[in-house]
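Source file entry.txt; content: compact mmCIF, C-alpha atoms.
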# COMPACT_ATOMS: atom_id res chain seq x y z
CA ASP E 1 136.71 49.54 161.52
CA ALA E 2 136.20 45.83 162.17
CA ALA E 3 134.84 46.49 165.66
CA LYS E 4 132.47 49.15 164.31
CA ALA E 5 131.21 46.79 161.57
CA ALA E 6 130.68 44.02 164.14
CA ALA E 7 128.79 46.37 166.45
CA GLU E 8 126.58 47.57 163.60
CA ALA E 9 125.83 43.97 162.60
CA TRP E 10 124.98 43.15 166.22
CA PHE E 11 122.57 46.07 166.58
CA LYS E 12 121.01 45.26 163.22
CA HIS E 13 120.42 41.70 164.52
CA LEU E 14 118.75 43.08 167.65
CA ARG E 15 116.58 45.50 165.65
CA LYS E 16 115.31 42.62 163.51
CA GLY E 17 114.09 40.86 166.65
CA GLY E 18 117.18 38.84 167.44
CA THR E 19 118.07 37.88 170.98
CA GLY E 20 121.21 39.00 172.75
CA ALA E 21 122.21 35.44 173.67
CA LYS E 22 125.09 33.75 171.88
CA VAL E 23 123.69 30.49 170.54
CA THR E 24 125.82 27.85 168.83
CA VAL E 25 124.59 25.35 166.25
CA ARG E 26 124.81 22.65 168.94
CA MET E 27 122.64 24.72 171.28
CA ALA E 28 120.13 25.28 168.46
CA CYS E 29 119.98 21.51 167.95
CA GLU E 30 119.43 20.95 171.68
CA ASN E 31 116.64 23.57 171.62
CA TYR E 32 115.05 21.74 168.71
CA VAL E 33 115.00 18.46 170.64
CA GLU E 34 113.33 20.27 173.55
CA HIS E 35 110.83 21.78 171.10
CA LEU E 36 109.92 18.32 169.78
CA LEU E 37 109.50 17.00 173.32
CA SER E 38 107.19 19.91 174.16
CA LEU E 39 105.01 18.82 171.22
CA ASP E 40 104.91 15.22 172.58
CA ARG E 41 106.95 14.01 169.62
CA ASP E 42 109.19 11.82 171.75
CA ARG E 43 110.20 9.42 168.99
CA ALA E 44 111.19 12.24 166.62
CA ALA E 45 113.05 13.96 169.48
CA GLY E 46 114.98 10.79 170.25
CA GLU E 47 115.92 10.29 166.61
CA ALA E 48 117.00 13.92 166.22
CA LYS E 49 119.02 13.79 169.44
CA ARG E 50 120.79 10.62 168.25
CA ARG E 51 121.64 12.19 164.89
CA PHE E 52 122.88 15.43 166.50
CA ALA E 53 125.10 13.51 168.93
CA GLN E 54 126.45 11.44 166.07
CA TYR E 55 127.37 14.17 163.60
CA VAL E 56 126.81 17.71 164.88
CA ASN E 57 127.59 18.21 168.57
CA GLU E 58 131.33 17.52 168.55
CA THR E 59 132.04 18.75 165.03
CA PRO E 60 133.37 22.18 164.09
CA LEU E 61 129.85 23.08 162.87
CA GLY E 62 128.37 22.46 166.33
CA LYS E 63 130.73 25.00 167.92
CA ILE E 64 129.93 27.91 165.58
CA GLU E 65 127.69 30.71 166.82
CA LEU E 66 124.59 31.10 164.65
CA GLN E 67 125.32 34.76 163.98
CA ARG E 68 128.78 33.80 162.67
CA LEU E 69 127.63 30.79 160.64
CA LYS E 70 128.65 31.05 157.00
CA ALA E 71 127.48 29.12 153.96
CA ARG E 72 131.01 27.75 153.61
CA ASP E 73 130.80 26.20 157.12
CA VAL E 74 127.57 24.44 156.20
CA GLU E 75 128.98 23.32 152.86
CA LEU E 76 132.06 21.81 154.54
CA TRP E 77 129.84 19.95 157.01
CA ARG E 78 127.57 18.68 154.25
CA ASN E 79 130.51 17.50 152.15
CA SER E 80 131.96 15.77 155.19
CA ARG E 81 128.64 13.97 155.76
CA ALA E 82 128.47 12.96 152.10
CA ARG E 83 131.96 11.40 152.31
CA THR E 84 131.28 9.56 155.58
CA PRO E 85 130.42 5.92 154.84
CA VAL E 86 127.32 4.35 156.34
CA ILE E 87 128.17 1.66 158.89
CA LEU E 88 125.72 -1.18 158.53
CA GLN E 89 124.35 -3.18 161.46
CA ASP E 90 125.60 -6.52 160.12
CA LYS E 91 129.32 -5.73 159.86
CA ARG E 92 130.20 -9.33 158.94
CA LYS E 93 128.62 -9.06 155.51
CA HIS E 94 129.37 -5.43 154.67
CA PRO E 95 131.44 -3.32 157.08
CA SER E 96 130.26 -0.07 155.44
CA ARG E 97 128.97 1.40 152.22
CA GLN E 98 128.91 4.80 150.56
CA ARG E 99 126.29 7.21 151.95
CA SER E 100 123.36 7.51 149.56
CA ALA E 101 121.70 10.77 148.62
CA SER E 102 118.55 9.79 150.53
CA THR E 103 120.61 9.11 153.68
CA LEU E 104 122.27 12.51 153.33
CA ASN E 105 118.82 14.10 153.02
CA ARG E 106 117.73 12.34 156.23
CA ASP E 107 120.89 13.56 157.97
CA MET E 108 120.31 17.17 156.94
CA THR E 109 116.57 17.37 157.71
CA PRO E 110 116.74 17.68 161.53
CA VAL E 111 119.71 20.07 161.36
CA ARG E 112 117.89 22.31 158.89
CA ALA E 113 114.77 22.19 161.09
CA ALA E 114 116.81 23.12 164.18
CA LEU E 115 118.40 26.08 162.41
CA ASN E 116 115.04 27.25 161.05
CA LEU E 117 113.58 27.08 164.58
CA ALA E 118 116.50 29.19 165.78
CA VAL E 119 115.49 31.88 163.28
CA GLN E 120 111.88 31.72 164.53
CA ASP E 121 113.12 32.03 168.12
CA GLY E 122 115.24 35.09 167.26
CA HIS E 123 118.65 33.47 167.79
CA ALA E 124 119.48 34.21 164.15
CA THR E 125 117.88 36.74 161.84
CA ALA E 126 118.53 35.04 158.51
CA ASP E 127 118.79 31.55 157.06
CA ALA E 128 121.13 32.51 154.23
CA ALA E 129 124.00 30.39 155.58
CA TRP E 130 122.10 27.12 155.25
CA LYS E 131 119.16 27.77 152.95
CA SER E 132 120.96 26.87 149.74
CA LYS E 133 123.60 24.54 151.20
CA MET E 134 121.10 22.23 152.93
CA ARG E 135 118.65 21.93 150.10
CA PRO E 136 117.48 18.30 149.76
CA ILE E 137 118.94 16.38 146.86
CA LYS E 138 116.25 16.02 144.21
CA ASP E 139 114.88 12.58 143.32
CA ALA E 140 116.89 10.95 146.10
CA ASP E 141 113.84 9.73 148.00
CA ARG E 142 111.58 8.67 145.19
CA ARG E 143 109.69 5.39 145.45
CA ARG E 144 111.09 2.29 143.92
CA ASP E 145 108.71 1.08 141.24
CA VAL E 146 109.85 -2.54 141.14
CA TYR E 147 106.93 -4.89 141.55
CA LEU E 148 106.82 -8.62 140.96
CA ASP E 149 103.56 -9.98 139.61
CA LEU E 150 102.09 -13.26 140.91
CA THR E 151 103.90 -15.42 138.34
CA GLN E 152 107.26 -13.78 139.10
CA ARG E 153 106.75 -14.18 142.86
CA ARG E 154 105.89 -17.86 142.48
CA ALA E 155 108.97 -18.40 140.28
CA LEU E 156 111.21 -16.64 142.83
CA ILE E 157 109.81 -18.75 145.68
CA SER E 158 110.17 -22.00 143.70
CA HIS E 159 113.86 -21.30 143.04
CA ALA E 160 114.70 -20.11 146.56
CA VAL E 161 116.67 -22.02 149.17
CA VAL E 162 114.31 -24.06 151.39
CA ASP E 163 115.03 -21.92 154.49
CA LEU E 164 114.08 -18.75 152.62
CA VAL E 165 110.72 -20.00 151.26
CA PRO E 166 108.62 -19.13 154.37
CA LEU E 167 109.99 -15.57 154.47
CA LEU E 168 109.42 -14.99 150.74
CA SER E 169 105.93 -16.50 150.96
CA ALA E 170 105.04 -14.20 153.84
CA LEU E 171 106.48 -11.17 152.01
CA SER E 172 104.32 -11.98 148.98
CA LEU E 173 101.21 -11.90 151.19
CA VAL E 174 101.88 -8.97 153.54
CA PRO E 175 103.25 -5.56 152.44
CA LEU E 176 106.16 -5.31 154.89
CA ARG E 177 109.84 -4.69 154.48
CA PRO E 178 111.96 -7.85 154.79
CA GLY E 179 113.55 -6.67 158.06
CA ALA E 180 110.14 -5.99 159.62
CA MET E 181 108.85 -9.37 158.46
CA ALA E 182 111.91 -11.16 159.88
CA LYS E 183 111.30 -9.58 163.31
CA LEU E 184 107.72 -10.83 163.56
CA VAL E 185 106.91 -13.43 166.23
CA VAL E 186 103.85 -15.64 166.76
CA GLY E 187 102.55 -13.17 169.37
CA ASP E 188 102.17 -10.55 166.60
CA PHE E 189 99.43 -12.62 164.90
CA ASP E 190 95.92 -11.30 165.43
CA LYS E 191 93.62 -14.30 165.00
CA ARG E 192 90.51 -12.10 164.95
CA LEU E 193 91.77 -10.17 161.89
CA SER E 194 93.48 -13.22 160.31

Could I get this file's structure written as structure tokens?
Amino acid sequence: DAAKAAAEAWFKHLRKGGTGAKVTVRMACENYVEHLLSLDRDRAAGEAKRRFAQYVNETPLGKIELQRLKARDVELWRNSRARTPVILQDKRKHPSRQRSASTLNRDMTPVRAALNLAVQDGHATADAAWKSKMRPIKDADRRRDVYLDLTQRRALISHAVVDLVPLLSALSLVPLRPGAMAKLVVGDFDKRLS
């Protein structure tokens, strides 16, 4: 009975336009990277490849065939990602911190895109296993509405440590993130555009 049910499911997959190849989640992710490269989206491909190598390829999720992928498998992977702390670049100050909802959304986005591409390519006939389990967390990526007016900026700069004053002054003039501002060098200045 089990063999008959499996055969019927297989032929149903083929009738819906599915391919006969056995494709794992890892293979779907690799196909997605190739797809991005074919669209000349090298930076996005590199980022997706890094994320897949970090938290999909060698995990139990990466080894599951798309046709056998269940919502529970995706839920376990997502919960595992949510519990994994973020390791910060400057480990001296903070070795790690809890993964935020926006980080989890960024982790899920390329995986969801890879699985959706697999459906388009006929490697899977339905997205039911991940459609609800990889939904982005609402309001996780909303803009921060904190803005210091001119008086508040001047007060902050006047009370800052002397070494921090040039950075804060520059940040009050140019709309950059602090990390981007800190990486600037004299060669980045365009005299023509001031």

### Message
Need the shell around range 96-112 of chain E: protein/DNA/RNA residues with any atom at most 10 Å away, counting all atoms listed in the file. Skip same-chain ones fewer than 4 positions apart. Format as an NGL selection string?
### Response
:E and (25-26 or 28-29 or 32-33 or 44-45 or 47-49 or 51-52 or 55-56 or 77-79 or 81-92 or 116-118 or 127 or 130-131 or 133-142)

### Query
What separation in Å, quoted to one decimal, exists between CA of Gln120 in chain E and CA of Glu58 in chain E?
24.4 Å

### Task
Using all atoms listed in the file, find the one residue out of E:Ser132, E:Thr151, E:Thr125, E:Ala180 that sits nearest to Ala71 in chain E.
E:Ser132

### Message
To one decimal place in Å, what is the distance between CA of Ala114 in chain E and CA of Leu76 in chain E?
### Response
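A separation of 18.1 Å between them.
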
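Nearest to Ala124 in chain E of all the residues E:Leu39, E:Leu69, E:Leu167, E:Leu148 is E:Leu69, based on only C-alpha atoms.
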
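Here CA of Arg154 in chain E is placed at a distance of 18.3 Å from CA of Met181 in chain E.
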
### Summary
Across E:Ala128, E:Leu173, E:Leu66, E:Leu164, the smallest distance to Asp149 in chain E, with all atoms listed in the file counted, is shown by E:Leu173

#### Entry: Among the residues E:Asp40, E:Gly62, E:Ser169, E:Ala2, the one that comes closest to Ala155 in chain E [using all atoms listed in the file]
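Closest to Ala155 in chain E of all the choices is E:Ser169.
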
Just need the box for range 70-75 of chain E, edges along x, y and z, holding every atom the file lists for it with 3 Å tacked onto each side, so centre and edge lengths in Å to one decimal, as JSON.
{"center_x": 129.2, "center_y": 27.2, "center_z": 155.0, "size_x": 9.5, "size_y": 13.7, "size_z": 10.3}

### Task
Compare E:Val23, E:Ile64, E:Ile157, E:Ala5 by their minimum atom-to-atom distance to Asp121 in chain E, counting all atoms listed in the file, and give me the closest one.
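Among E:Val23, E:Ile64, E:Ile157, E:Ala5, it is E:Val23 that comes nearest to Asp121 in chain E.
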
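Comparing the minimum interatomic distances between Ala126 in chain E and each of E:Lys70, E:Phe189, E:Ser194, E:Thr24, counting all atoms listed in the file, we find that E:Lys70 sits nearest.
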